[in-house]
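Novice: Pasting protein-v1.txt below, which is compact mmCIF, C-alpha atoms.
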```txt
# COMPACT_ATOMS: atom_id res chain seq x y z
CA MET U 1 133.80 98.65 69.44
CA SER U 2 133.26 101.98 67.68
CA GLU U 3 135.86 104.72 67.79
CA PRO U 4 135.05 107.71 69.94
CA PRO U 5 134.51 110.90 67.95
CA ASN U 6 137.57 113.09 67.54
CA GLN U 7 136.37 115.88 69.75
CA VAL U 8 136.04 113.52 72.71
CA ILE U 9 139.68 112.65 72.74
CA SER U 10 140.79 116.07 71.57
CA PRO U 11 144.01 116.86 73.39
CA SER U 12 143.58 120.58 72.74
CA LYS U 13 143.74 122.81 75.79
CA ALA U 14 140.77 124.80 74.56
CA ALA U 15 138.62 121.67 74.33
CA ALA U 16 139.70 120.58 77.82
CA ARG U 17 138.84 124.02 79.24
CA ILE U 18 135.42 123.87 77.58
CA ARG U 19 134.74 120.43 79.11
CA VAL U 20 135.66 121.69 82.59
CA ALA U 21 133.47 124.79 82.22
CA ALA U 22 130.59 122.68 80.93
CA ALA U 23 130.88 120.18 83.79
CA ASP U 24 130.83 123.06 86.30
CA ALA U 25 127.80 124.61 84.59
CA PHE U 26 125.92 121.28 84.45
CA ALA U 27 126.78 120.62 88.11
CA SER U 28 125.39 123.95 89.26
CA SER U 29 122.40 124.44 86.93
CA GLY U 30 121.73 120.92 85.65
CA TYR U 31 122.17 119.87 82.03
CA GLY U 32 118.66 120.98 81.09
CA GLY U 33 119.14 124.33 82.82
CA THR U 34 122.36 125.21 80.98
CA THR U 35 122.81 126.67 77.50
CA THR U 36 125.93 126.44 75.33
CA ARG U 37 125.89 130.24 75.39
CA GLU U 38 126.31 130.18 79.17
CA ILE U 39 129.16 127.69 78.95
CA ALA U 40 130.93 129.90 76.42
CA ALA U 41 130.32 132.95 78.64
CA ARG U 42 132.12 131.21 81.53
CA LEU U 43 135.22 131.19 79.33
CA ASP U 44 134.76 134.64 77.80
CA MET U 45 134.29 132.85 74.50
CA SER U 46 131.65 133.37 71.85
CA PRO U 47 129.39 130.40 71.08
CA ALA U 48 130.88 130.53 67.55
CA ALA U 49 134.39 130.02 68.96
CA MET U 50 133.21 126.97 70.89
CA TYR U 51 131.51 125.42 67.88
CA PRO U 52 134.62 123.92 66.19
CA HIS U 53 135.32 122.01 69.42
CA TYR U 54 131.80 120.92 70.38
CA ARG U 55 128.84 121.40 68.10
CA SER U 56 126.14 120.87 70.69
CA LYS U 57 125.48 120.67 74.41
CA GLU U 58 124.89 116.93 74.06
CA GLU U 59 128.30 116.48 72.41
CA LEU U 60 129.81 118.22 75.40
CA LEU U 61 127.93 116.02 77.86
CA PHE U 62 129.08 112.96 75.96
CA ALA U 63 132.69 114.19 75.98
CA ILE U 64 132.52 114.72 79.77
CA SER U 65 130.87 111.32 80.31
CA TYR U 66 133.29 109.57 78.00
CA GLU U 67 136.29 111.22 79.63
CA GLY U 68 135.00 110.40 83.15
CA HIS U 69 134.29 106.77 82.37
CA THR U 70 137.56 106.30 80.48
CA ALA U 71 139.47 107.76 83.41
CA THR U 72 137.63 105.51 85.87
CA LEU U 73 138.26 102.46 83.72
CA ASP U 74 141.92 103.42 83.46
CA VAL U 75 142.25 103.89 87.24
CA VAL U 76 140.54 100.58 87.96
CA THR U 77 142.57 98.74 85.33
CA ARG U 78 145.86 100.09 86.67
CA ALA U 79 144.87 99.32 90.27
CA ASP U 80 144.21 95.68 89.52
CA LEU U 81 147.09 93.35 90.29
CA PRO U 82 146.26 90.03 88.63
CA ASP U 83 149.21 88.20 90.20
CA GLU U 84 148.18 89.04 93.77
CA LEU U 85 145.66 87.33 96.05
CA PRO U 86 142.02 88.24 95.31
CA SER U 87 141.74 90.04 98.69
CA THR U 88 144.76 92.23 97.88
CA ARG U 89 143.35 92.89 94.43
CA LEU U 90 139.89 93.82 95.73
CA ARG U 91 141.30 96.17 98.37
CA ALA U 92 143.43 97.93 95.74
CA LEU U 93 140.58 98.08 93.22
CA ILE U 94 137.91 99.44 95.58
CA GLY U 95 140.38 101.84 97.17
CA ALA U 96 141.44 103.32 93.82
CA PHE U 97 137.85 103.47 92.53
CA ALA U 98 136.73 105.25 95.73
CA VAL U 99 139.59 107.76 95.59
CA TRP U 100 138.75 108.61 92.00
CA GLN U 101 135.04 109.03 92.67
CA ALA U 102 135.62 111.17 95.77
CA THR U 103 138.29 113.35 94.15
CA HIS U 104 136.21 113.94 91.03
CA HIS U 105 132.80 113.96 92.70
CA THR U 106 131.47 116.99 90.81
CA GLN U 107 132.32 115.53 87.41
CA ALA U 108 131.21 112.06 88.52
CA ARG U 109 127.87 113.42 89.60
CA VAL U 110 127.20 115.11 86.26
CA VAL U 111 128.24 111.94 84.44
CA GLN U 112 126.00 109.88 86.69
CA TYR U 113 122.88 111.98 86.88
CA GLU U 114 122.62 113.18 83.29
CA LEU U 115 123.17 109.88 81.46
CA ASN U 116 119.58 109.95 80.18
CA ALA U 117 120.26 113.14 78.26
CA LEU U 118 122.71 111.36 75.93
CA THR U 119 121.69 110.21 72.47
CA THR U 120 121.09 106.48 72.20
CA GLU U 121 124.40 105.96 70.42
CA HIS U 122 126.38 107.93 72.99
CA TYR U 123 124.54 106.27 75.86
CA ARG U 124 125.54 102.86 74.50
CA GLU U 125 129.15 103.95 74.26
CA VAL U 126 129.14 104.98 77.94
CA VAL U 127 127.32 101.82 79.02
CA ARG U 128 130.01 99.79 77.26
CA LEU U 129 132.67 101.49 79.41
CA ARG U 130 130.58 100.91 82.56
CA ARG U 131 130.32 97.23 81.75
CA GLU U 132 134.10 97.01 81.41
CA ILE U 133 134.55 98.55 84.86
CA THR U 134 131.98 96.15 86.35
CA ARG U 135 133.65 93.24 84.56
CA ILE U 136 136.99 93.99 86.27
CA VAL U 137 135.39 94.08 89.74
CA ARG U 138 133.42 90.94 88.98
CA ALA U 139 136.53 89.06 87.83
CA VAL U 140 138.20 89.67 91.19
CA VAL U 141 135.08 88.60 93.11
CA ASP U 142 134.91 85.46 90.97
CA ALA U 143 138.61 84.74 91.49
CA GLY U 144 138.23 84.97 95.27
CA ALA U 145 135.12 82.78 95.22
CA ALA U 146 136.95 80.22 93.08
CA SER U 147 140.06 80.16 95.28
CA GLY U 148 137.98 79.91 98.46
CA GLU U 149 139.40 83.17 99.84
CA PHE U 150 135.94 84.78 99.50
CA THR U 151 132.61 83.38 100.62
CA VAL U 152 129.98 85.24 98.62
CA PRO U 153 126.25 84.58 98.55
CA ASP U 154 126.29 85.43 94.84
CA SER U 155 129.08 87.02 92.79
CA GLU U 156 126.71 89.05 90.62
CA GLY U 157 124.87 90.52 93.59
CA VAL U 158 128.00 91.33 95.58
CA THR U 159 129.49 93.01 92.51
CA LEU U 160 126.36 95.15 92.10
CA ALA U 161 126.69 96.19 95.74
CA LEU U 162 130.42 96.98 95.46
CA MET U 163 129.73 99.09 92.37
CA SER U 164 126.94 100.93 94.25
CA LEU U 165 129.25 101.83 97.10
CA CYS U 166 131.78 103.42 94.75
CA VAL U 167 129.40 105.02 92.24
CA ASP U 168 127.24 106.62 94.93
CA ILE U 169 130.20 108.44 96.54
CA CYS U 170 129.58 111.36 94.16
CA ARG U 171 126.14 111.88 95.77
CA TRP U 172 127.31 112.40 99.34
CA PHE U 173 131.04 113.21 99.32
CA PRO U 174 132.22 115.08 101.34
CA ALA U 175 130.19 114.36 104.49
CA GLY U 176 130.93 114.47 108.20
CA ALA U 177 134.31 112.93 108.98
CA TYR U 178 134.66 111.76 105.39
CA THR U 179 136.26 114.75 103.68
CA GLU U 180 139.42 113.07 102.39
CA PRO U 181 139.25 110.62 99.47
CA LYS U 182 141.84 108.39 101.14
CA VAL U 183 139.68 108.02 104.27
CA VAL U 184 136.70 106.91 102.15
CA ALA U 185 139.00 104.49 100.29
CA ASP U 186 140.21 102.87 103.52
CA LEU U 187 136.66 102.52 104.86
CA TYR U 188 135.35 101.04 101.60
CA ALA U 189 138.29 98.68 101.05
CA GLY U 190 137.62 97.28 104.54
CA LEU U 191 133.86 97.03 103.96
CA ALA U 192 134.50 95.29 100.63
CA MET U 193 136.51 92.64 102.48
CA ARG U 194 133.58 92.07 104.79
CA MET U 195 131.07 91.95 101.95
CA VAL U 196 132.98 89.16 100.21
CA GLY U 197 133.50 87.32 103.49
CA ALA U 198 137.30 87.67 103.50
CA GLY U 199 139.64 88.42 106.38
CA MET N 200 109.98 121.93 111.10
CA SER N 201 108.00 123.83 108.47
CA GLU N 202 104.70 122.54 107.14
CA PRO N 203 104.73 121.21 103.59
CA PRO N 204 102.72 123.30 101.15
CA ASN N 205 99.14 122.17 100.63
CA GLN N 206 99.58 120.96 97.10
CA VAL N 207 102.28 118.51 98.19
CA ILE N 208 99.99 116.60 100.48
CA SER N 209 96.92 117.16 98.31
CA PRO N 210 94.86 113.97 98.49
CA SER N 211 93.03 114.85 95.26
CA LYS N 212 93.10 112.19 92.58
CA ALA N 213 93.82 114.81 89.93
CA ALA N 214 96.92 116.01 91.81
CA ALA N 215 98.12 112.42 92.26
CA ARG N 216 97.66 111.71 88.54
CA ILE N 217 99.61 114.85 87.68
CA ARG N 218 102.49 113.80 89.95
CA VAL N 219 102.65 110.36 88.33
CA ALA N 220 102.59 111.85 84.80
CA ALA N 221 105.28 114.36 85.75
CA ALA N 222 107.52 111.68 87.27
CA ASP N 223 107.19 109.61 84.08
CA ALA N 224 107.97 112.64 81.93
CA PHE N 225 110.99 113.62 84.04
CA ALA N 226 112.22 110.02 84.00
CA SER N 227 112.10 109.80 80.21
CA SER N 228 113.12 113.32 79.16
CA GLY N 229 114.84 114.68 82.27
CA TYR N 230 113.50 117.57 84.32
CA GLY N 231 115.18 120.18 82.12
CA GLY N 232 113.89 118.51 78.97
CA THR N 233 110.24 118.51 80.07
CA THR N 234 107.68 121.33 79.93
CA THR N 235 104.52 121.64 82.04
CA ARG N 236 102.66 121.68 78.72
CA GLU N 237 104.01 118.20 77.93
CA ILE N 238 103.01 116.91 81.35
CA ALA N 239 99.49 118.25 80.87
CA ALA N 240 99.36 116.71 77.39
CA ARG N 241 100.11 113.26 78.87
CA LEU N 242 96.84 113.60 80.80
CA ASP N 243 94.80 115.24 78.03
CA MET N 244 94.65 118.29 80.26
CA SER N 245 95.27 121.92 79.40
CA PRO N 246 98.13 123.66 81.23
CA ALA N 247 95.45 125.97 82.69
CA ALA N 248 93.63 122.98 84.24
CA MET N 249 96.88 121.84 85.85
CA TYR N 250 97.67 125.25 87.30
CA PRO N 251 95.35 125.11 90.36
CA HIS N 252 97.16 121.92 91.44
CA TYR N 253 100.76 122.83 90.62
CA ARG N 254 101.77 126.30 89.58
CA SER N 255 105.19 125.40 88.19
CA LYS N 256 107.37 122.53 87.09
CA GLU N 257 109.54 123.03 90.18
CA GLU N 258 106.49 122.72 92.45
CA LEU N 259 105.74 119.42 90.78
CA LEU N 260 109.31 118.20 91.21
CA PHE N 261 109.17 119.18 94.87
CA ALA N 262 105.85 117.38 95.31
CA ILE N 263 107.32 114.20 93.77
CA SER N 264 110.49 114.48 95.86
CA TYR N 265 108.56 115.22 99.03
CA GLU N 266 106.17 112.35 98.42
CA GLY N 267 109.03 109.93 97.64
CA HIS N 268 111.05 110.87 100.69
CA THR N 269 108.03 110.87 102.99
CA ALA N 270 107.09 107.40 101.75
CA THR N 271 110.65 106.14 102.26
CA LEU N 272 110.80 107.62 105.74
CA ASP N 273 107.46 106.02 106.53
CA VAL N 274 108.55 102.60 105.24
CA VAL N 275 111.81 102.74 107.18
CA THR N 276 110.08 103.96 110.36
CA ARG N 277 107.49 101.19 110.20
CA ALA N 278 110.15 98.56 109.49
CA ASP N 279 112.15 99.45 112.55
CA LEU N 280 111.47 97.26 115.59
CA PRO N 281 113.06 99.05 118.56
CA ASP N 282 112.42 96.17 120.95
CA GLU N 283 114.29 93.62 118.82
CA LEU N 284 118.01 92.87 118.62
CA PRO N 285 119.99 95.35 116.50
CA SER N 286 120.73 92.61 113.93
CA THR N 287 117.00 91.84 113.54
CA ARG N 288 116.28 95.56 113.28
CA LEU N 289 118.97 96.20 110.67
CA ARG N 290 117.85 93.27 108.52
CA ALA N 291 114.25 94.53 108.61
CA LEU N 292 115.26 98.12 107.94
CA ILE N 293 117.58 97.47 105.01
CA GLY N 294 115.19 94.91 103.54
CA ALA N 295 112.23 97.30 103.62
CA PHE N 296 114.32 100.21 102.31
CA ALA N 297 115.64 98.06 99.45
CA VAL N 298 112.16 96.80 98.53
CA TRP N 299 110.84 100.36 98.40
CA GLN N 300 113.73 101.64 96.28
CA ALA N 301 113.52 98.73 93.85
CA THR N 302 109.73 98.84 93.54
CA HIS N 303 109.68 102.60 92.98
CA HIS N 304 112.95 102.86 91.07
CA THR N 305 111.63 105.24 88.39
CA GLN N 306 110.29 107.72 90.92
CA ALA N 307 113.33 107.23 93.17
CA ARG N 308 115.63 108.01 90.29
CA VAL N 309 113.89 111.27 89.43
CA VAL N 310 113.92 112.25 93.10
CA GLN N 311 117.59 111.37 93.32
CA TYR N 312 118.97 112.82 90.14
CA GLU N 313 117.05 116.09 89.95
CA LEU N 314 117.51 117.32 93.54
CA ASN N 315 119.64 120.21 92.31
CA ALA N 316 116.71 121.62 90.35
CA LEU N 317 114.76 122.35 93.55
CA THR N 318 114.65 125.84 95.05
CA THR N 319 116.86 126.29 98.11
CA GLU N 320 113.86 126.15 100.43
CA HIS N 321 112.47 122.99 98.87
CA TYR N 322 115.91 121.38 98.75
CA ARG N 323 116.29 121.98 102.50
CA GLU N 324 112.91 120.38 103.14
CA VAL N 325 113.96 117.24 101.25
CA VAL N 326 117.38 117.15 102.92
CA ARG N 327 115.62 117.27 106.30
CA LEU N 328 113.68 114.11 105.37
CA ARG N 329 116.87 112.42 104.14
CA ARG N 330 118.57 113.17 107.44
CA GLU N 331 115.68 111.56 109.31
CA ILE N 332 116.04 108.39 107.25
CA THR N 333 119.80 108.33 107.83
CA ARG N 334 119.25 108.96 111.55
CA ILE N 335 117.07 105.84 111.84
CA VAL N 336 119.70 103.64 110.15
CA ARG N 337 122.45 105.21 112.23
CA ALA N 338 120.55 104.59 115.49
CA VAL N 339 120.41 100.86 114.75
CA VAL N 340 124.12 100.74 113.85
CA ASP N 341 124.90 102.61 117.08
CA ALA N 342 122.68 100.28 119.12
CA GLY N 343 124.47 97.21 117.74
CA ALA N 344 127.89 98.75 118.31
CA ALA N 345 126.89 99.62 121.89
CA SER N 346 125.51 96.17 122.65
CA GLY N 347 128.53 94.46 121.13
CA GLU N 348 126.42 92.64 118.56
CA PHE N 349 128.07 94.70 115.79
CA THR N 350 131.76 95.38 115.29
CA VAL N 351 131.98 98.46 113.11
CA PRO N 352 135.10 100.36 112.11
CA ASP N 353 133.08 103.59 112.41
CA SER N 354 129.29 104.01 112.77
CA GLU N 355 129.14 107.11 110.59
CA GLY N 356 131.06 105.50 107.74
CA VAL N 357 129.14 102.23 107.83
CA THR N 358 125.86 104.18 107.83
CA LEU N 359 126.99 106.16 104.76
CA ALA N 360 127.76 102.86 103.03
CA LEU N 361 124.42 101.26 104.00
CA MET N 362 122.57 104.33 102.72
CA SER N 363 124.56 104.15 99.44
CA LEU N 364 123.58 100.54 98.87
CA CYS N 365 119.87 101.35 99.20
CA VAL N 366 119.81 104.74 97.49
CA ASP N 367 121.77 103.53 94.45
CA ILE N 368 119.30 100.71 93.71
CA CYS N 369 117.31 103.14 91.55
CA ARG N 370 120.32 103.48 89.21
CA TRP N 371 120.69 99.82 88.30
CA PHE N 372 117.46 98.00 89.18
CA PRO N 373 116.47 95.70 87.52
CA ALA N 374 119.71 93.97 86.45
CA GLY N 375 120.65 90.39 85.65
CA ALA N 376 119.20 87.99 88.20
CA TYR N 377 117.99 90.90 90.35
CA THR N 378 114.59 91.64 88.90
CA GLU N 379 112.49 91.14 92.03
CA PRO N 380 112.61 93.70 94.86
CA LYS N 381 112.49 90.89 97.45
CA VAL N 382 115.63 89.26 96.00
CA VAL N 383 117.53 92.55 96.28
CA ALA N 384 116.22 92.96 99.84
CA ASP N 385 117.50 89.52 100.88
CA LEU N 386 120.91 90.14 99.32
CA TYR N 387 121.27 93.57 100.92
CA ALA N 388 119.99 92.52 104.35
CA GLY N 389 122.68 89.80 104.35
CA LEU N 390 125.40 92.18 103.12
CA ALA N 391 124.38 94.71 105.79
CA MET N 392 124.97 92.02 108.44
CA ARG N 393 128.45 91.47 107.07
CA MET N 394 129.21 95.20 106.87
CA VAL N 395 128.43 95.69 110.56
CA GLY N 396 130.34 92.54 111.50
CA ALA N 397 127.29 90.62 112.79
CA GLY N 398 126.37 86.99 112.30
```
Kindly transcribe the structure held in the file into structure tokens.
Specialist:
Amino acid sequence: MSEPPNQVISPSKAAARIRVAAADAFASSGYGGTTTREIAARLDMSPAAMYPHYRSKEELLFAISYEGHTATLDVVTRADLPDELPSTRLRALIGAFAVWQATHHTQARVVQYELNALTTEHYREVVRLRREITRIVRAVVDAGAASGEFTVPDSEGVTLALMSLCVDICRWFPAGAYTEPKVVADLYAGLAMRMVGAG
Amino acid sequence: MSEPPNQVISPSKAAARIRVAAADAFASSGYGGTTTREIAARLDMSPAAMYPHYRSKEELLFAISYEGHTATLDVVTRADLPDELPSTRLRALIGAFAVWQATHHTQARVVQYELNALTTEHYREVVRLRREITRIVRAVVDAGAASGEFTVPDSEGVTLALMSLCVDICRWFPAGAYTEPKVVADLYAGLAMRMVGAG
């Protein structure tokens, strides 16, 4: 596992402000339609002042993607309760994942839709984090299938579907009656139970 | 309902070849990372020869998006069987939707991830098609809820989730054991039954 570059985990307030401004710019104009100059202008900074923090637009995209995936992984990891029943674990996991995706839908959407713009090395780093998130969901599905609490046609397929539900929230949220992350979480935790054939 | 511009529905082979080349270019380099010159070069055409068909990169993106959404709407409309039981209808609908999304995952992904790059007018046109697709799925969920065949917590929410399953296929397909569109369709038709509380 390679170490993330320093600027990704930079705790500096300036770097954090630049990441937020870049995510907003990418969300409104697309990654390809945004220049580093425009990102700097959003912060009344010169491009030269931004350079020590992020040397390129791609570095910024990677920082945003890395931060988003790390935060998701952290949320999912903390939500998991390995000593509880698989159904309790899955409810908690899907609920927390859904709340995160709905709350951070703008950032999640950039992270999601611009993955192809990353360098191969950075893409691999992000895919590694995605696999860890999937692995946590899969472990709970497997545990429920093993204990008999879940009846799944296929653990791999159900996990793909559960991941889809949560990942795709950034595309549509908010919509209709679903304007509160907690309401999406309750709906999806319940649907997850049905999908695994529990309760 | 406004009429689509001529070039979108152009039956000319040249226009169709340009749309395919553009979708491939957008898929590999992103919309922002592609020039019309590069698209023309993929076809050994000059940009001037492409101009009578599509006058801008955005027009091409709209044509691809319009074509993709029209095809999806067509597939979903043809799959629906209004005289059958809601469970039969939903299985057919989700299965056909999933097969289309998996088979055309490259095009679907471009359509999905670059929506923000469309002009406001073109975006609205695509959103109108999306709403028609959602409306068809929702009508089946409502029919099953009304007949008592389905037990849904909320028709709107379950429809959002069913749409997510199908739309997000373009992100991950193919993966693991899911390399055939028909296998995804069978999995998702079965999960859809569970999500609506049928069978």
Novice: Excluding segment 124-137 of chain U and its own-chain neighbours fewer than 5 positions away, which residues fall within 9 Å of it when counting only C-alpha atoms? Please give them as a PyMOL selection string.
Specialist: chain U and resi 1-2+4+62+65-66+69-70+72-74+76-77+80+90+93-94+115+119+142+159-160+162-163
Novice: Identify all chain N residues at most 6 Å from chain U by counting only C-alpha atoms; ligands do not count. Present them as a list of chain:residue names.
Specialist: N:Gly231, N:Gly232, N:Tyr312, N:Ser363, N:Leu364, N:Asp367, N:Leu390, N:Arg393, N:Met394
Novice: I need the residue nearest Ala222 of chain N from this list: N:Ala248, N:Leu280, N:Val310, N:Val274. Use all atoms listed in the file for the distance.
Specialist: N:Val310
Novice: One decimal, Å: what's the distance from atom CA of Arg288 of chain N over to atom CA of Glu379 of chain N, could you say?
Specialist: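 One can read the atom CA of Arg288 of chain N to atom CA of Glu379 of chain N distance as 22.0 Å.
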Novice: Figure out the distance between atom CA of Arg290 of chain N and atom CA of Ala388 of chain N, please, to one decimal in Å.
Specialist: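 Going from atom CA of Ala388 of chain N over to atom CA of Arg290 of chain N, I get 4.7 Å.
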Novice: Which protein, DNA or RNA residues have an atom at most 9 Å from (139.8, 86.2, 91.9), counting all atoms listed in the file? List them as an MDAnalysis selection string.
Specialist: chainID U and resid 82 85:87 89:90 138:147 149:150
Novice: Pull C-alpha atoms from the residues just selected and write them as a PDB file, in the frame of the given file.
Specialist:
```pdb
ATOM      1  CA  PRO U  82     146.260  90.030  88.630  1.00  0.00           C
ATOM      2  CA  LEU U  85     145.660  87.330  96.050  1.00  0.00           C
ATOM      3  CA  PRO U  86     142.020  88.240  95.310  1.00  0.00           C
ATOM      4  CA  SER U  87     141.740  90.040  98.690  1.00  0.00           C
ATOM      5  CA  ARG U  89     143.350  92.890  94.430  1.00  0.00           C
ATOM      6  CA  LEU U  90     139.890  93.820  95.730  1.00  0.00           C
ATOM      7  CA  ARG U 138     133.420  90.940  88.980  1.00  0.00           C
ATOM      8  CA  ALA U 139     136.530  89.060  87.830  1.00  0.00           C
ATOM      9  CA  VAL U 140     138.200  89.670  91.190  1.00  0.00           C
ATOM     10  CA  VAL U 141     135.080  88.600  93.110  1.00  0.00           C
ATOM     11  CA  ASP U 142     134.910  85.460  90.970  1.00  0.00           C
ATOM     12  CA  ALA U 143     138.610  84.740  91.490  1.00  0.00           C
ATOM     13  CA  GLY U 144     138.230  84.970  95.270  1.00  0.00           C
ATOM     14  CA  ALA U 145     135.120  82.780  95.220  1.00  0.00           C
ATOM     15  CA  ALA U 146     136.950  80.220  93.080  1.00  0.00           C
ATOM     16  CA  SER U 147     140.060  80.160  95.280  1.00  0.00           C
ATOM     17  CA  GLU U 149     139.400  83.170  99.840  1.00  0.00           C
ATOM     18  CA  PHE U 150     135.940  84.780  99.500  1.00  0.00           C
TER      19      PHE U 150
END
```
Novice: Determine the nearest neighbour of Arg216 of chain N from the options N:Arg254, N:Arg236, N:Pro380, N:Met249, counting only C-alpha atoms.
Specialist: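 When distances to Arg216 of chain N are compared using only C-alpha atoms, the smallest one comes from N:Met249.
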Novice: Taking all atoms listed in the file into account, which of U:Val20, U:His122, U:Gly95, U:Ala14 comes nearest Ala79 of chain U?
Specialist: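 Ranking U:Val20, U:His122, U:Gly95, U:Ala14 by distance to Ala79 of chain U, first place goes to U:Gly95.
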Novice: Calculated over all atoms listed in the file, which of the candidates U:Thr151, U:Gln107, U:Ser56, U:Thr88 has the smallest distance to Asp24 of chain U?
Specialist: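 Under the stated criterion, the closest residue is U:Gln107.
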Novice: Please list, as a list in words, the residues that have an atom at most 7 Å away from (122.9, 113.6, 69.7) in the coordinates of this file, counting only C-alpha atoms.
Specialist: Glu58, Glu59, Leu118 and Thr119 of chain U
Novice: Quick one: residues within 12 Å of Ala240 of chain N, all atoms listed in the file, excluding same-chain residues fewer than 5 positions away - as a list of chain:residue names?
Specialist: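 The contact residues come out as N:Ile217, N:Ala220, N:Ala221, N:Ala224, N:Thr233, N:Thr234, N:Thr235, N:Ser245, N:Pro246, N:Ala247, N:Ala248, N:Met249.
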Novice: Please, what distance in Å, to one decimal, runs between atom CA of Phe225 of chain N and atom CA of Ala301 of chain N?
Specialist: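 We find that atom CA of Phe225 of chain N and atom CA of Ala301 of chain N lie 18.0 Å from each other.
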